[in-house]
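Quick look at my_file-v4.pdb (PDB, C-alpha atoms and all ligand atoms):
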MODEL        1
ATOM      1  CA  MET Y  11     131.185 162.134 139.000
ATOM      2  CA  SER Y  12     133.180 165.286 138.712
ATOM      3  CA  ARG Y  13     135.243 164.713 141.833
ATOM      4  CA  ALA Y  14     136.468 161.478 140.241
ATOM      5  CA  LYS Y  15     137.277 163.389 137.076
ATOM      6  CA  LEU Y  16     139.458 165.830 139.012
ATOM      7  CA  GLU Y  17     141.309 162.893 140.515
ATOM      8  CA  ARG Y  18     141.740 161.274 137.121
ATOM      9  CA  LEU Y  19     143.337 164.531 136.000
ATOM     10  CA  GLY Y  20     145.778 164.202 138.893
ATOM     11  CA  LEU Y  21     144.228 166.966 140.998
ATOM     12  CA  LYS Y  22     143.962 166.264 144.695
ATOM     13  CA  LEU Y  23     141.803 168.986 146.176
ATOM     14  CA  PRO Y  24     140.174 169.400 149.584
ATOM     15  CA  LEU Y  25     136.482 169.447 150.363
ATOM     16  CA  PHE Y  26     134.895 172.846 149.534
ATOM     17  CA  ILE Y  27     137.400 173.735 146.827
ATOM     18  CA  THR Y  28     138.065 177.479 146.900
ATOM     19  CA  SER Y  29     138.691 179.585 143.828
ATOM     20  CA  THR Y  30     137.769 182.920 142.255
ATOM     21  CA  VAL Y  31     135.860 183.849 139.123
ATOM     22  CA  GLY Y  32     138.828 185.296 137.285
ATOM     23  CA  SER Y  33     139.544 189.004 137.410
ATOM     24  CA  PHE Y  34     141.311 190.889 140.182
ATOM     25  CA  PRO Y  35     141.650 194.659 140.586
ATOM     26  CA  LYS Y  36     144.606 196.242 138.873
ATOM     27  CA  PRO Y  37     147.103 197.900 141.205
ATOM     28  CA  ASP Y  38     147.451 201.699 140.791
ATOM     29  CA  TYR Y  39     150.775 201.465 138.954
ATOM     30  CA  LEU Y  40     149.131 199.278 136.312
ATOM     31  CA  LEU Y  41     146.116 201.572 135.901
ATOM     32  CA  GLU Y  42     148.506 204.502 135.403
ATOM     33  CA  ALA Y  43     150.579 202.513 132.936
ATOM     34  CA  ARG Y  44     147.473 201.569 130.925
ATOM     35  CA  ALA Y  45     146.497 205.244 130.678
ATOM     36  CA  LYS Y  46     150.037 206.145 129.574
ATOM     37  CA  PHE Y  47     150.018 203.345 127.026
ATOM     38  CA  ALA Y  48     146.728 204.634 125.604
ATOM     39  CA  ARG Y  49     148.420 208.055 125.195
ATOM     40  CA  LYS Y  50     151.409 206.297 123.562
ATOM     41  CA  GLU Y  51     153.759 207.482 126.301
ATOM     42  CA  ILE Y  52     155.075 203.974 127.033
ATOM     43  CA  THR Y  53     155.627 200.916 124.849
ATOM     44  CA  GLN Y  54     153.748 197.617 124.803
ATOM     45  CA  LYS Y  55     156.844 196.050 126.335
ATOM     46  CA  ASP Y  56     156.821 198.497 129.250
ATOM     47  CA  LEU Y  57     153.147 197.777 129.847
ATOM     48  CA  GLU Y  58     153.632 194.010 129.691
ATOM     49  CA  ALA Y  59     156.396 194.134 132.277
ATOM     50  CA  LEU Y  60     153.956 195.748 134.722
ATOM     51  CA  GLU Y  61     151.189 193.303 133.792
ATOM     52  CA  ARG Y  62     153.590 190.490 134.687
ATOM     53  CA  ARG Y  63     154.477 192.194 137.967
ATOM     54  CA  ALA Y  64     150.768 192.512 138.839
ATOM     55  CA  THR Y  65     150.153 188.861 137.870
ATOM     56  CA  GLU Y  66     152.974 187.789 140.206
ATOM     57  CA  PHE Y  67     151.452 189.893 142.960
ATOM     58  CA  TRP Y  68     148.043 188.241 142.611
ATOM     59  CA  ILE Y  69     149.405 184.698 142.409
ATOM     60  CA  GLN Y  70     151.340 185.348 145.590
ATOM     61  CA  GLN Y  71     148.235 186.873 147.232
ATOM     62  CA  GLN Y  72     146.075 183.881 146.312
ATOM     63  CA  GLU Y  73     148.670 181.501 147.762
ATOM     64  CA  GLU Y  74     148.989 183.527 150.926
ATOM     65  CA  ILE Y  75     145.206 183.700 151.372
ATOM     66  CA  GLY Y  76     145.089 179.923 150.842
ATOM     67  CA  LEU Y  77     142.938 179.426 147.741
ATOM     68  CA  ASP Y  78     143.029 175.993 146.085
ATOM     69  CA  VAL Y  79     142.520 176.734 142.394
ATOM     70  CA  LEU Y  80     144.178 179.939 141.228
ATOM     71  CA  VAL Y  81     143.629 182.349 138.338
ATOM     72  CA  ASP Y  82     146.039 184.641 136.518
ATOM     73  CA  GLY Y  83     143.915 187.627 137.572
ATOM     74  CA  GLU Y  84     143.432 189.021 134.036
ATOM     75  CA  GLN Y  85     145.772 191.972 134.627
ATOM     76  CA  TYR Y  86     146.403 192.099 130.867
ATOM     77  CA  ARG Y  87     142.735 192.448 129.924
ATOM     78  CA  GLY Y  88     140.533 195.482 129.592
ATOM     79  CA  ASP Y  89     137.150 194.046 128.756
ATOM     80  CA  MET Y  90     136.467 190.298 128.690
ATOM     81  CA  VAL Y  91     134.989 190.369 125.189
ATOM     82  CA  ALA Y  92     137.032 193.176 123.607
ATOM     83  CA  TYR Y  93     140.246 191.441 124.693
ATOM     84  CA  PHE Y  94     139.434 188.432 122.510
ATOM     85  CA  ALA Y  95     138.036 190.543 119.665
ATOM     86  CA  GLU Y  96     141.218 192.617 119.507
ATOM     87  CA  ILE Y  97     143.303 189.506 118.911
ATOM     88  CA  LEU Y  98     140.995 187.479 116.642
ATOM     89  CA  PRO Y  99     140.962 188.101 112.885
ATOM     90  CA  GLY Y 100     137.425 188.943 111.714
ATOM     91  CA  PHE Y 101     136.741 191.707 114.245
ATOM     92  CA  ASP Y 102     136.847 195.495 114.032
ATOM     93  CA  ARG Y 103     136.602 197.843 116.974
ATOM     94  CA  GLY Y 104     133.187 199.529 117.124
ATOM     95  CA  GLY Y 105     131.963 202.558 119.026
ATOM     96  CA  LEU Y 106     131.761 203.063 122.756
ATOM     97  CA  VAL Y 107     128.598 201.557 124.252
ATOM     98  CA  ARG Y 108     127.263 201.160 127.727
ATOM     99  CA  SER Y 109     126.976 197.616 129.044
ATOM    100  CA  TYR Y 110     125.634 196.269 132.313
ATOM    101  CA  GLY Y 111     125.797 198.859 135.035
ATOM    102  CA  ASN Y 112     128.115 201.771 134.492
ATOM    103  CA  ARG Y 113     130.655 200.051 132.351
ATOM    104  CA  TYR Y 114     131.527 201.408 128.925
ATOM    105  CA  TYR Y 115     133.356 199.397 126.309
ATOM    106  CA  PHE Y 116     134.128 199.437 122.616
ATOM    107  CA  LYS Y 117     131.591 197.019 121.223
ATOM    108  CA  PRO Y 118     133.425 194.854 118.665
ATOM    109  CA  ILE Y 119     131.996 194.309 115.176
ATOM    110  CA  ILE Y 120     132.290 191.005 113.329
ATOM    111  CA  VAL Y 121     133.246 192.072 109.800
ATOM    112  CA  GLY Y 122     134.692 188.859 108.368
ATOM    113  CA  GLU Y 123     135.311 185.200 109.081
ATOM    114  CA  VAL Y 124     136.515 184.820 112.665
ATOM    115  CA  LYS Y 125     139.642 182.716 112.916
ATOM    116  CA  TRP Y 126     142.045 181.414 115.487
ATOM    117  CA  SER Y 127     145.453 182.505 114.231
ATOM    118  CA  ARG Y 128     147.540 182.180 117.397
ATOM    119  CA  PRO Y 129     147.123 181.398 121.102
ATOM    120  CA  ILE Y 130     145.274 184.172 122.930
ATOM    121  CA  THR Y 131     145.628 183.384 126.632
ATOM    122  CA  VAL Y 132     148.106 180.525 126.672
ATOM    123  CA  ASN Y 133     151.260 182.523 127.407
ATOM    124  CA  TRP Y 134     149.618 184.249 130.365
ATOM    125  CA  TRP Y 135     148.338 180.920 131.657
ATOM    126  CA  LYS Y 136     151.815 179.392 131.340
ATOM    127  CA  PHE Y 137     153.423 182.352 133.060
ATOM    128  CA  ALA Y 138     150.960 182.189 135.969
ATOM    129  CA  GLN Y 139     151.370 178.416 136.297
ATOM    130  CA  THR Y 140     155.161 178.709 136.555
ATOM    131  CA  LEU Y 141     154.662 180.883 139.650
ATOM    132  CA  THR Y 142     152.751 178.298 141.692
ATOM    133  CA  SER Y 143     152.416 174.583 142.320
ATOM    134  CA  LYS Y 144     148.636 174.959 142.682
ATOM    135  CA  PRO Y 145     146.457 174.468 139.607
ATOM    136  CA  VAL Y 146     145.737 177.629 137.605
ATOM    137  CA  LYS Y 147     142.450 177.742 135.690
ATOM    138  CA  GLY Y 148     142.448 178.529 131.996
ATOM    139  CA  MET Y 149     140.046 181.450 131.477
ATOM    140  CA  LEU Y 150     138.144 182.028 128.251
ATOM    141  CA  THR Y 151     135.140 184.067 127.266
ATOM    142  CA  GLY Y 152     132.497 181.838 125.713
ATOM    143  CA  PRO Y 153     131.240 182.061 122.128
ATOM    144  CA  TYR Y 154     127.684 182.935 123.063
ATOM    145  CA  THR Y 155     128.776 185.934 125.118
ATOM    146  CA  ILE Y 156     131.323 187.162 122.549
ATOM    147  CA  MET Y 157     128.573 186.958 119.928
ATOM    148  CA  ASP Y 158     125.955 188.631 122.119
ATOM    149  CA  TRP Y 159     128.244 191.527 123.100
ATOM    150  CA  SER Y 160     129.405 192.177 119.522
ATOM    151  CA  PHE Y 161     127.720 193.574 116.412
ATOM    152  CA  ASN Y 162     127.460 191.010 113.642
ATOM    153  CA  ASP Y 163     127.916 192.377 110.112
ATOM    154  CA  TYR Y 164     129.125 189.137 108.562
ATOM    155  CA  TYR Y 165     127.340 185.948 109.649
ATOM    156  CA  PRO Y 166     123.740 185.292 108.532
ATOM    157  CA  ASP Y 167     122.456 185.051 112.119
ATOM    158  CA  ARG Y 168     123.401 184.874 115.788
ATOM    159  CA  LYS Y 169     123.632 181.093 115.757
ATOM    160  CA  ALA Y 170     126.105 181.036 112.857
ATOM    161  CA  ALA Y 171     128.262 183.670 114.557
ATOM    162  CA  CYS Y 172     128.151 181.727 117.827
ATOM    163  CA  PHE Y 173     129.193 178.457 116.142
ATOM    164  CA  ALA Y 174     132.060 180.118 114.281
ATOM    165  CA  LEU Y 175     133.299 181.541 117.585
ATOM    166  CA  ALA Y 176     132.900 178.140 119.247
ATOM    167  CA  MET Y 177     135.376 176.646 116.759
ATOM    168  CA  VAL Y 178     137.819 179.417 117.641
ATOM    169  CA  ILE Y 179     137.458 178.893 121.392
ATOM    170  CA  ARG Y 180     137.820 175.123 120.874
ATOM    171  CA  LYS Y 181     141.247 175.745 119.344
ATOM    172  CA  GLU Y 182     142.248 177.900 122.305
ATOM    173  CA  VAL Y 183     141.066 175.152 124.681
ATOM    174  CA  GLU Y 184     143.198 172.619 122.820
ATOM    175  CA  ALA Y 185     146.207 174.923 123.096
ATOM    176  CA  LEU Y 186     145.632 175.392 126.834
ATOM    177  CA  VAL Y 187     145.328 171.639 127.414
ATOM    178  CA  GLU Y 188     148.464 171.050 125.384
ATOM    179  CA  ALA Y 189     150.252 173.555 127.629
ATOM    180  CA  GLY Y 190     149.094 171.588 130.669
ATOM    181  CA  ALA Y 191     145.857 173.244 131.827
ATOM    182  CA  LYS Y 192     143.512 170.814 133.553
ATOM    183  CA  ILE Y 193     140.711 173.116 134.655
ATOM    184  CA  ILE Y 194     139.235 175.483 132.079
ATOM    185  CA  GLN Y 195     136.546 178.056 132.669
ATOM    186  CA  ILE Y 196     134.346 179.271 129.839
ATOM    187  CA  ASP Y 197     132.695 182.529 130.880
ATOM    188  CA  GLU Y 198     129.154 182.872 129.560
ATOM    189  CA  PRO Y 199     127.620 185.742 131.553
ATOM    190  CA  ALA Y 200     125.186 186.466 128.700
ATOM    191  CA  LEU Y 201     123.816 182.935 128.632
ATOM    192  CA  SER Y 202     120.486 183.639 130.279
ATOM    193  CA  VAL Y 203     119.730 186.761 128.213
ATOM    194  CA  ARG Y 204     117.614 184.944 125.605
ATOM    195  CA  PRO Y 205     116.294 181.626 126.940
ATOM    196  CA  GLU Y 206     115.087 180.623 123.457
ATOM    197  CA  GLU Y 207     118.743 180.480 122.353
ATOM    198  CA  LEU Y 208     119.854 178.087 125.077
ATOM    199  CA  GLY Y 209     119.666 175.184 122.605
ATOM    200  CA  PHE Y 210     122.325 176.509 120.268
ATOM    201  CA  ALA Y 211     124.390 177.873 123.154
ATOM    202  CA  ARG Y 212     124.507 174.284 124.424
ATOM    203  CA  GLU Y 213     125.529 172.977 120.994
ATOM    204  CA  ALA Y 214     128.319 175.559 120.941
ATOM    205  CA  MET Y 215     129.538 174.329 124.324
ATOM    206  CA  HIS Y 216     129.627 170.779 122.941
ATOM    207  CA  MET Y 217     131.828 172.025 120.101
ATOM    208  CA  ILE Y 218     134.243 173.351 122.730
ATOM    209  CA  THR Y 219     134.329 170.650 125.385
ATOM    210  CA  ASP Y 220     133.581 167.305 123.659
ATOM    211  CA  ASN Y 221     136.441 164.806 124.024
ATOM    212  CA  ILE Y 222     138.774 167.272 125.735
ATOM    213  CA  PRO Y 223     140.512 165.835 128.823
ATOM    214  CA  ALA Y 224     139.858 168.754 131.161
ATOM    215  CA  TYR Y 225     137.466 169.750 133.921
ATOM    216  CA  PHE Y 226     135.177 172.469 132.587
ATOM    217  CA  VAL Y 227     133.572 175.284 134.537
ATOM    218  CA  THR Y 228     131.175 177.836 133.089
ATOM    219  CA  HIS Y 229     130.567 181.143 134.834
ATOM    220  CA  ILE Y 230     127.157 182.740 134.382
ATOM    221  CA  CYS Y 231     125.970 185.931 136.034
ATOM    222  CA  TYR Y 232     123.384 188.721 135.657
ATOM    223  CA  GLY Y 233     121.082 185.749 135.418
ATOM    224  CA  ALA Y 234     117.389 185.362 134.951
ATOM    225  CA  PHE Y 235     118.003 181.735 135.801
ATOM    226  CA  GLU Y 236     114.368 180.879 136.380
ATOM    227  CA  PHE Y 237     113.962 180.864 132.572
ATOM    228  CA  ILE Y 238     116.867 178.511 131.800
ATOM    229  CA  TYR Y 239     116.833 176.237 134.860
ATOM    230  CA  PRO Y 240     116.869 173.223 135.014
ATOM    231  CA  GLN Y 241     117.429 172.974 131.217
ATOM    232  CA  MET Y 242     120.831 174.650 131.564
ATOM    233  CA  LEU Y 243     122.105 171.591 133.469
ATOM    234  CA  ASP Y 244     122.392 169.876 130.061
ATOM    235  CA  LEU Y 245     125.340 172.108 129.140
ATOM    236  CA  PRO Y 246     128.365 169.818 128.722
ATOM    237  CA  VAL Y 247     130.444 171.201 131.600
ATOM    238  CA  ASP Y 248     131.358 169.795 135.014
ATOM    239  CA  ASN Y 249     130.771 172.865 137.103
ATOM    240  CA  PHE Y 250     128.519 175.915 137.028
ATOM    241  CA  ASP Y 251     129.945 178.994 138.654
ATOM    242  CA  LEU Y 252     126.989 181.136 139.649
ATOM    243  CA  GLU Y 253     126.341 184.497 141.227
ATOM    244  CA  MET Y 254     124.363 183.588 144.346
ATOM    245  CA  SER Y 255     124.831 186.218 147.028
ATOM    246  CA  ASN Y 256     123.909 189.444 145.230
ATOM    247  CA  SER Y 257     120.416 188.028 144.661
ATOM    248  CA  GLY Y 258     119.997 186.918 148.271
ATOM    249  CA  LEU Y 259     120.547 183.222 147.494
ATOM    250  CA  ASP Y 260     117.165 183.054 145.759
ATOM    251  CA  LEU Y 261     118.448 180.324 143.415
ATOM    252  CA  ILE Y 262     118.368 177.894 146.305
ATOM    253  CA  GLY Y 263     114.596 177.856 145.902
ATOM    254  CA  LEU Y 264     115.043 176.655 142.310
ATOM    255  CA  PHE Y 265     117.413 173.916 143.453
ATOM    256  CA  GLU Y 266     114.900 172.745 146.042
ATOM    257  CA  LYS Y 267     112.393 172.188 143.258
ATOM    258  CA  ASP Y 268     114.802 170.685 140.689
ATOM    259  CA  PRO Y 269     117.989 169.282 142.239
ATOM    260  CA  PHE Y 270     121.289 170.641 140.994
ATOM    261  CA  THR Y 271     123.031 167.726 139.298
ATOM    262  CA  LYS Y 272     126.548 169.065 138.661
ATOM    263  CA  ASP Y 273     129.311 170.639 140.693
ATOM    264  CA  LEU Y 274     128.503 174.182 141.724
ATOM    265  CA  SER Y 275     130.870 177.059 142.407
ATOM    266  CA  PHE Y 276     128.659 178.916 144.835
ATOM    267  CA  GLY Y 277     129.191 182.683 144.935
ATOM    268  CA  VAL Y 278     129.515 183.665 148.595
ATOM    269  CA  LEU Y 279     130.873 187.211 148.141
ATOM    270  CA  ASP Y 280     128.835 190.071 146.685
ATOM    271  CA  VAL Y 281     131.270 191.715 144.279
ATOM    272  CA  HIS Y 282     129.007 194.754 143.843
ATOM    273  CA  SER Y 283     129.356 195.738 147.479
ATOM    274  CA  HIS Y 284     132.342 197.592 148.932
ATOM    275  CA  ALA Y 285     131.615 196.071 152.331
ATOM    276  CA  VAL Y 286     133.849 193.169 153.302
ATOM    277  CA  GLU Y 287     131.641 190.293 154.442
ATOM    278  CA  ALA Y 288     132.096 188.993 157.971
ATOM    279  CA  PRO Y 289     133.280 185.357 157.974
ATOM    280  CA  GLY Y 290     130.057 184.455 159.806
ATOM    281  CA  VAL Y 291     127.954 185.776 156.914
ATOM    282  CA  VAL Y 292     129.962 183.704 154.437
ATOM    283  CA  LYS Y 293     129.700 180.628 156.633
ATOM    284  CA  ASP Y 294     125.963 181.082 156.794
ATOM    285  CA  ARG Y 295     125.792 181.170 152.985
ATOM    286  CA  ILE Y 296     127.837 177.973 152.705
ATOM    287  CA  GLU Y 297     125.553 176.267 155.202
ATOM    288  CA  LYS Y 298     122.504 177.315 153.175
ATOM    289  CA  ALA Y 299     124.185 175.839 150.087
ATOM    290  CA  LEU Y 300     124.661 172.583 151.951
ATOM    291  CA  GLN Y 301     120.918 172.318 152.424
ATOM    292  CA  VAL Y 302     120.579 171.583 148.703
ATOM    293  CA  LEU Y 303     124.042 170.348 147.647
ATOM    294  CA  ARG Y 304     126.333 167.541 148.704
ATOM    295  CA  PRO Y 305     129.663 168.727 150.168
ATOM    296  CA  GLU Y 306     131.686 166.886 147.461
ATOM    297  CA  THR Y 307     129.988 168.917 144.737
ATOM    298  CA  LEU Y 308     130.376 172.349 146.317
ATOM    299  CA  TRP Y 309     133.077 174.835 145.379
ATOM    300  CA  VAL Y 310     133.253 178.195 147.128
ATOM    301  CA  ASP Y 311     134.119 181.460 145.375
ATOM    302  CA  PRO Y 312     132.963 185.074 144.901
ATOM    303  CA  ASP Y 313     129.839 185.893 142.847
ATOM    304  CA  CYS Y 314     131.818 187.291 139.939
ATOM    305  CA  GLY Y 315     135.191 188.807 139.057
ATOM    306  CA  LEU Y 316     136.621 191.132 141.707
ATOM    307  CA  LYS Y 317     138.076 193.665 139.278
ATOM    308  CA  THR Y 318     135.655 196.417 140.277
ATOM    309  CA  ARG Y 319     136.743 196.311 143.923
ATOM    310  CA  THR Y 320     139.883 197.874 145.361
ATOM    311  CA  VAL Y 321     142.906 195.678 145.999
ATOM    312  CA  GLU Y 322     142.237 195.900 149.755
ATOM    313  CA  GLU Y 323     138.541 195.033 149.415
ATOM    314  CA  ALA Y 324     139.347 192.024 147.247
ATOM    315  CA  GLN Y 325     141.941 190.796 149.737
ATOM    316  CA  GLY Y 326     139.592 191.340 152.688
ATOM    317  CA  LYS Y 327     136.695 189.554 151.040
ATOM    318  CA  LEU Y 328     138.818 186.545 150.097
ATOM    319  CA  ARG Y 329     140.307 186.304 153.575
ATOM    320  CA  ALA Y 330     136.813 186.289 155.065
ATOM    321  CA  MET Y 331     135.813 183.589 152.583
ATOM    322  CA  MET Y 332     138.792 181.392 153.534
ATOM    323  CA  GLU Y 333     138.161 181.814 157.228
ATOM    324  CA  ALA Y 334     134.568 180.665 156.750
ATOM    325  CA  VAL Y 335     135.629 177.722 154.590
ATOM    326  CA  ARG Y 336     138.167 176.586 157.192
ATOM    327  CA  GLU Y 337     135.462 176.582 159.845
ATOM    328  CA  VAL Y 338     133.025 174.665 157.652
ATOM    329  CA  ARG Y 339     135.733 172.145 156.705
ATOM    330  CA  GLN Y 340     136.396 171.566 160.376
ATOM    331  CA  SER Y 341     132.792 171.091 161.334
ATOM    332  CA  VAL Y 342     131.959 168.866 158.348
ATOM    333  CA  GLY Y 343     135.276 166.984 158.362
ATOM    334  CA  GLY Y 344     135.320 166.492 162.129
TER     335      GLY Y 344
HETATM  336 ZN    ZN Y 401     130.248 187.413 136.369
ENDMDL
END
Let's see the structure in the file written out as structure tokens.
Amino acid sequence: MSRAKLERLGLKLPLFITSTVGSFPKPDYLLEARAKFARKEITQKDLEALERRATEFWIQQQEEIGLDVLVDGEQYRGDMVAYFAEILPGFDRGGLVRSYGNRYYFKPIIVGEVKWSRPITVNWWKFAQTLTSKPVKGMLTGPYTIMDWSFNDYYPDRKAACFALAMVIRKEVEALVEAGAKIIQIDEPALSVRPEELGFAREAMHMITDNIPAYFVTHICYGAFEFIYPQMLDLPVDNFDLEMSNSGLDLIGLFEKDPFTKDLSFGVLDVHSHAVEAPGVVKDRIEKALQVLRPETLWVDPDCGLKTRTVEEAQGKLRAMMEAVREVRQSVGG
């Protein structure tokens, strides 16, 4: 059982483990600095100093709010796929395309063999972990999503591109574990886009997680889960981190039919809404989750990354979440 695995890894965590999906909003000074950097008005070093300052801010915020498993907040990233593509050999930057919603990004192009030449996220993970005694999650974008959100001009098909990327992400996982990471999240928001590809997406996840001594989470959102559930439970991870609240908790119906067999990070905050949830609303969502999940298997977090909210909205939402969790812990524990 996954709870036992966490303990084997030396992690003592309370019931209803609280965490976040990964990204936090960038403070104004960092947004300004990124614009200046793009215009070549400041150096990479100047920008990195502010990225570190913003990372420190978010670690301190997460501690103050009382979360159990922290993230580095991704203050150094633009887009979750482009960030990896910019560092990995084998990619070129493509043209600007529109992705989900109103987000534009430079869609990377695979033009050669993708390779892992140096750690991508490890230094940021290490930096964040030195700032806190709480566990910090390693955060990686998964091979299926990097493949799906890139053009492929090199590999014979999507599966081959996905497998090549899986070998790269495996190396980054090994580097994170070597640095001391015990919980690693592999973001696969695109996973439910083509249900017929779930089989090779699962094989790719095996290439990443097999025989690695870490607790693995995968985050999936924008989901048409009815097409990949319950088959997706075969993915070799310990925990699925799912967007639940934006869709009105309709996944609970699926779990009533086919029980959820792994740990679940249950999204209790709608990241698309500016409104800060009342703690009572969050508590209600947790209680609905408990109708289909055992308390030991339930983690509580937002639906998705909070980077599209303001700093104040993100803080407010997380405070409401913690207040609700404290109440539920009391009523279940007592
Ligand atoms: Zn998401």
Per-residue nearest contacts chain Y to ligand ZN 401 (chain Y), cut-off 10 Å, using all atoms listed in the file, as JSON lines:
{"residue": "Y:Val31", "atom": "CA", "partner": "Y:ZN401", "partner_atom": "ZN", "distance": 7.2}
{"residue": "Y:Gly32", "atom": "CA", "partner": "Y:ZN401", "partner_atom": "ZN", "distance": 8.9}
{"residue": "Y:Ser33", "atom": "CA", "partner": "Y:ZN401", "partner_atom": "ZN", "distance": 9.5}
{"residue": "Y:Asp197", "atom": "CA", "partner": "Y:ZN401", "partner_atom": "ZN", "distance": 7.7}
{"residue": "Y:Glu198", "atom": "CA", "partner": "Y:ZN401", "partner_atom": "ZN", "distance": 8.3}
{"residue": "Y:Pro199", "atom": "CA", "partner": "Y:ZN401", "partner_atom": "ZN", "distance": 5.7}
{"residue": "Y:Ala200", "atom": "CA", "partner": "Y:ZN401", "partner_atom": "ZN", "distance": 9.2}
{"residue": "Y:His229", "atom": "CA", "partner": "Y:ZN401", "partner_atom": "ZN", "distance": 6.5}
{"residue": "Y:Ile230", "atom": "CA", "partner": "Y:ZN401", "partner_atom": "ZN", "distance": 5.9}
{"residue": "Y:Cys231", "atom": "CA", "partner": "Y:ZN401", "partner_atom": "ZN", "distance": 4.5}
{"residue": "Y:Tyr232", "atom": "CA", "partner": "Y:ZN401", "partner_atom": "ZN", "distance": 7.0}
{"residue": "Y:Gly233", "atom": "CA", "partner": "Y:ZN401", "partner_atom": "ZN", "distance": 9.4}
{"residue": "Y:Asp251", "atom": "CA", "partner": "Y:ZN401", "partner_atom": "ZN", "distance": 8.7}
{"residue": "Y:Leu252", "atom": "CA", "partner": "Y:ZN401", "partner_atom": "ZN", "distance": 7.8}
{"residue": "Y:Glu253", "atom": "CA", "partner": "Y:ZN401", "partner_atom": "ZN", "distance": 6.9}
{"residue": "Y:Gly277", "atom": "CA", "partner": "Y:ZN401", "partner_atom": "ZN", "distance": 9.8}
{"residue": "Y:Val281", "atom": "CA", "partner": "Y:ZN401", "partner_atom": "ZN", "distance": 9.1}
{"residue": "Y:Pro312", "atom": "CA", "partner": "Y:ZN401", "partner_atom": "ZN", "distance": 9.3}
{"residue": "Y:Asp313", "atom": "CA", "partner": "Y:ZN401", "partner_atom": "ZN", "distance": 6.7}
{"residue": "Y:Cys314", "atom": "CA", "partner": "Y:ZN401", "partner_atom": "ZN", "distance": 3.9}
{"residue": "Y:Gly315", "atom": "CA", "partner": "Y:ZN401", "partner_atom": "ZN", "distance": 5.8}
{"residue": "Y:Leu316", "atom": "CA", "partner": "Y:ZN401", "partner_atom": "ZN", "distance": 9.1}
Counting all atoms listed in the file, what are the residues of range 241-342 of chain Y within 9 Å of range 75-89 of chain Y, and for each of them which pair of atoms is the nearest and at what distance in Å, to one decimal? Sort the table by chain and rising number, as a Markdown table.
| residue | atom | partner | partner_atom | distance |
| --- | --- | --- | --- | --- |
| Y:Gly315 | CA | Y:Gly83 | CA | 8.9 |
| Y:Lys317 | CA | Y:Gly83 | CA | 8.6 |
| Y:Gln325 | CA | Y:Ile75 | CA | 8.0 |
| Y:Leu328 | CA | Y:Ile75 | CA | 7.1 |
| Y:Arg329 | CA | Y:Ile75 | CA | 6.0 |
| Y:Met332 | CA | Y:Gly76 | CA | 7.0 |
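Residues selected in this file by the PyMOL selection byres (((chain Y and resi 23) around 10) and not hetatm) comprise Y:Arg13, Y:Leu16, Y:Glu17, Y:Gly20, Y:Leu21, Y:Lys22, Y:Pro24, Y:Leu25, Y:Phe26, Y:Ile27, Y:Thr28, Y:Asp78, Y:Val79, Y:Lys144, Y:Pro145.
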Please dump the current selection as a compact mmCIF listing (two decimals), in the coordinates of the input; keep C-alpha atoms.
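This went into again34.txt:
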# COMPACT_ATOMS: atom_id res chain seq x y z
CA ARG Y 13 135.24 164.71 141.83
CA LEU Y 16 139.46 165.83 139.01
CA GLU Y 17 141.31 162.89 140.51
CA GLY Y 20 145.78 164.20 138.89
CA LEU Y 21 144.23 166.97 141.00
CA LYS Y 22 143.96 166.26 144.70
CA PRO Y 24 140.17 169.40 149.58
CA LEU Y 25 136.48 169.45 150.36
CA PHE Y 26 134.90 172.85 149.53
CA ILE Y 27 137.40 173.74 146.83
CA THR Y 28 138.06 177.48 146.90
CA ASP Y 78 143.03 175.99 146.08
CA VAL Y 79 142.52 176.73 142.39
CA LYS Y 144 148.64 174.96 142.68
CA PRO Y 145 146.46 174.47 139.61
Point to revise | Selection dump of the PyMOL selection byres (((chain Y and resi 263-276) around 6) and not hetatm), as a ChimeraX atom specification | key: /Y:249-252,260-262,277,307-310
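Among the candidates Y:Asp248, Y:Asp167, Y:Glu74, Y:Glu333, the one nearest to Ala288 in chain Y when counting only C-alpha atoms is Y:Glu333.
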Review point. Which one is closest to Lys117 in chain Y: Y:Tyr154, Y:Trp159, Y:Trp134, Y:Tyr93? Count only C-alpha atoms.
Key: Y:Trp159
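A straight line drawn from CA of Ala234 in chain Y to CA of Val203 in chain Y is 7.3 Å long.
Matched in the shown structure by the PyMOL selection byres (((chain Y and resi 195) around 6) and not hetatm): Gly148, Met149, Ile194, Ile196, Phe226, Val227 and Thr228 of chain Y.
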How would the residues just chosen look if you wrote them out with C-alpha atoms as a CSV table (one decimal), in the coordinates of the input?
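Produced file again.csv, reproduced below:
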chain,number,residue,atom,x,y,z
Y,148,GLY,CA,142.4,178.5,132.0
Y,149,MET,CA,140.0,181.4,131.5
Y,194,ILE,CA,139.2,175.5,132.1
Y,196,ILE,CA,134.3,179.3,129.8
Y,226,PHE,CA,135.2,172.5,132.6
Y,227,VAL,CA,133.6,175.3,134.5
Y,228,THR,CA,131.2,177.8,133.1
Can you pull out the residues contacting Val338 in chain Y? Cut-off 9 Å, using all atoms listed in the file, and skip same-chain residues under 2 positions away; I want them as a PDB file with C-alpha atoms, in the frame of the given file.
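Full text of part_36.pdb as output:
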ATOM      1  CA  PHE Y  26     134.895 172.846 149.534  1.00  0.00           C
ATOM      2  CA  LYS Y 293     129.700 180.628 156.633  1.00  0.00           C
ATOM      3  CA  ILE Y 296     127.837 177.973 152.705  1.00  0.00           C
ATOM      4  CA  GLU Y 297     125.553 176.267 155.202  1.00  0.00           C
ATOM      5  CA  GLU Y 333     138.161 181.814 157.228  1.00  0.00           C
ATOM      6  CA  ALA Y 334     134.568 180.665 156.750  1.00  0.00           C
ATOM      7  CA  VAL Y 335     135.629 177.722 154.590  1.00  0.00           C
ATOM      8  CA  ARG Y 336     138.167 176.586 157.192  1.00  0.00           C
ATOM      9  CA  GLN Y 340     136.396 171.566 160.376  1.00  0.00           C
ATOM     10  CA  SER Y 341     132.792 171.091 161.334  1.00  0.00           C
ATOM     11  CA  VAL Y 342     131.959 168.866 158.348  1.00  0.00           C
ATOM     12  CA  GLY Y 343     135.276 166.984 158.362  1.00  0.00           C
TER      13      GLY Y 343
END
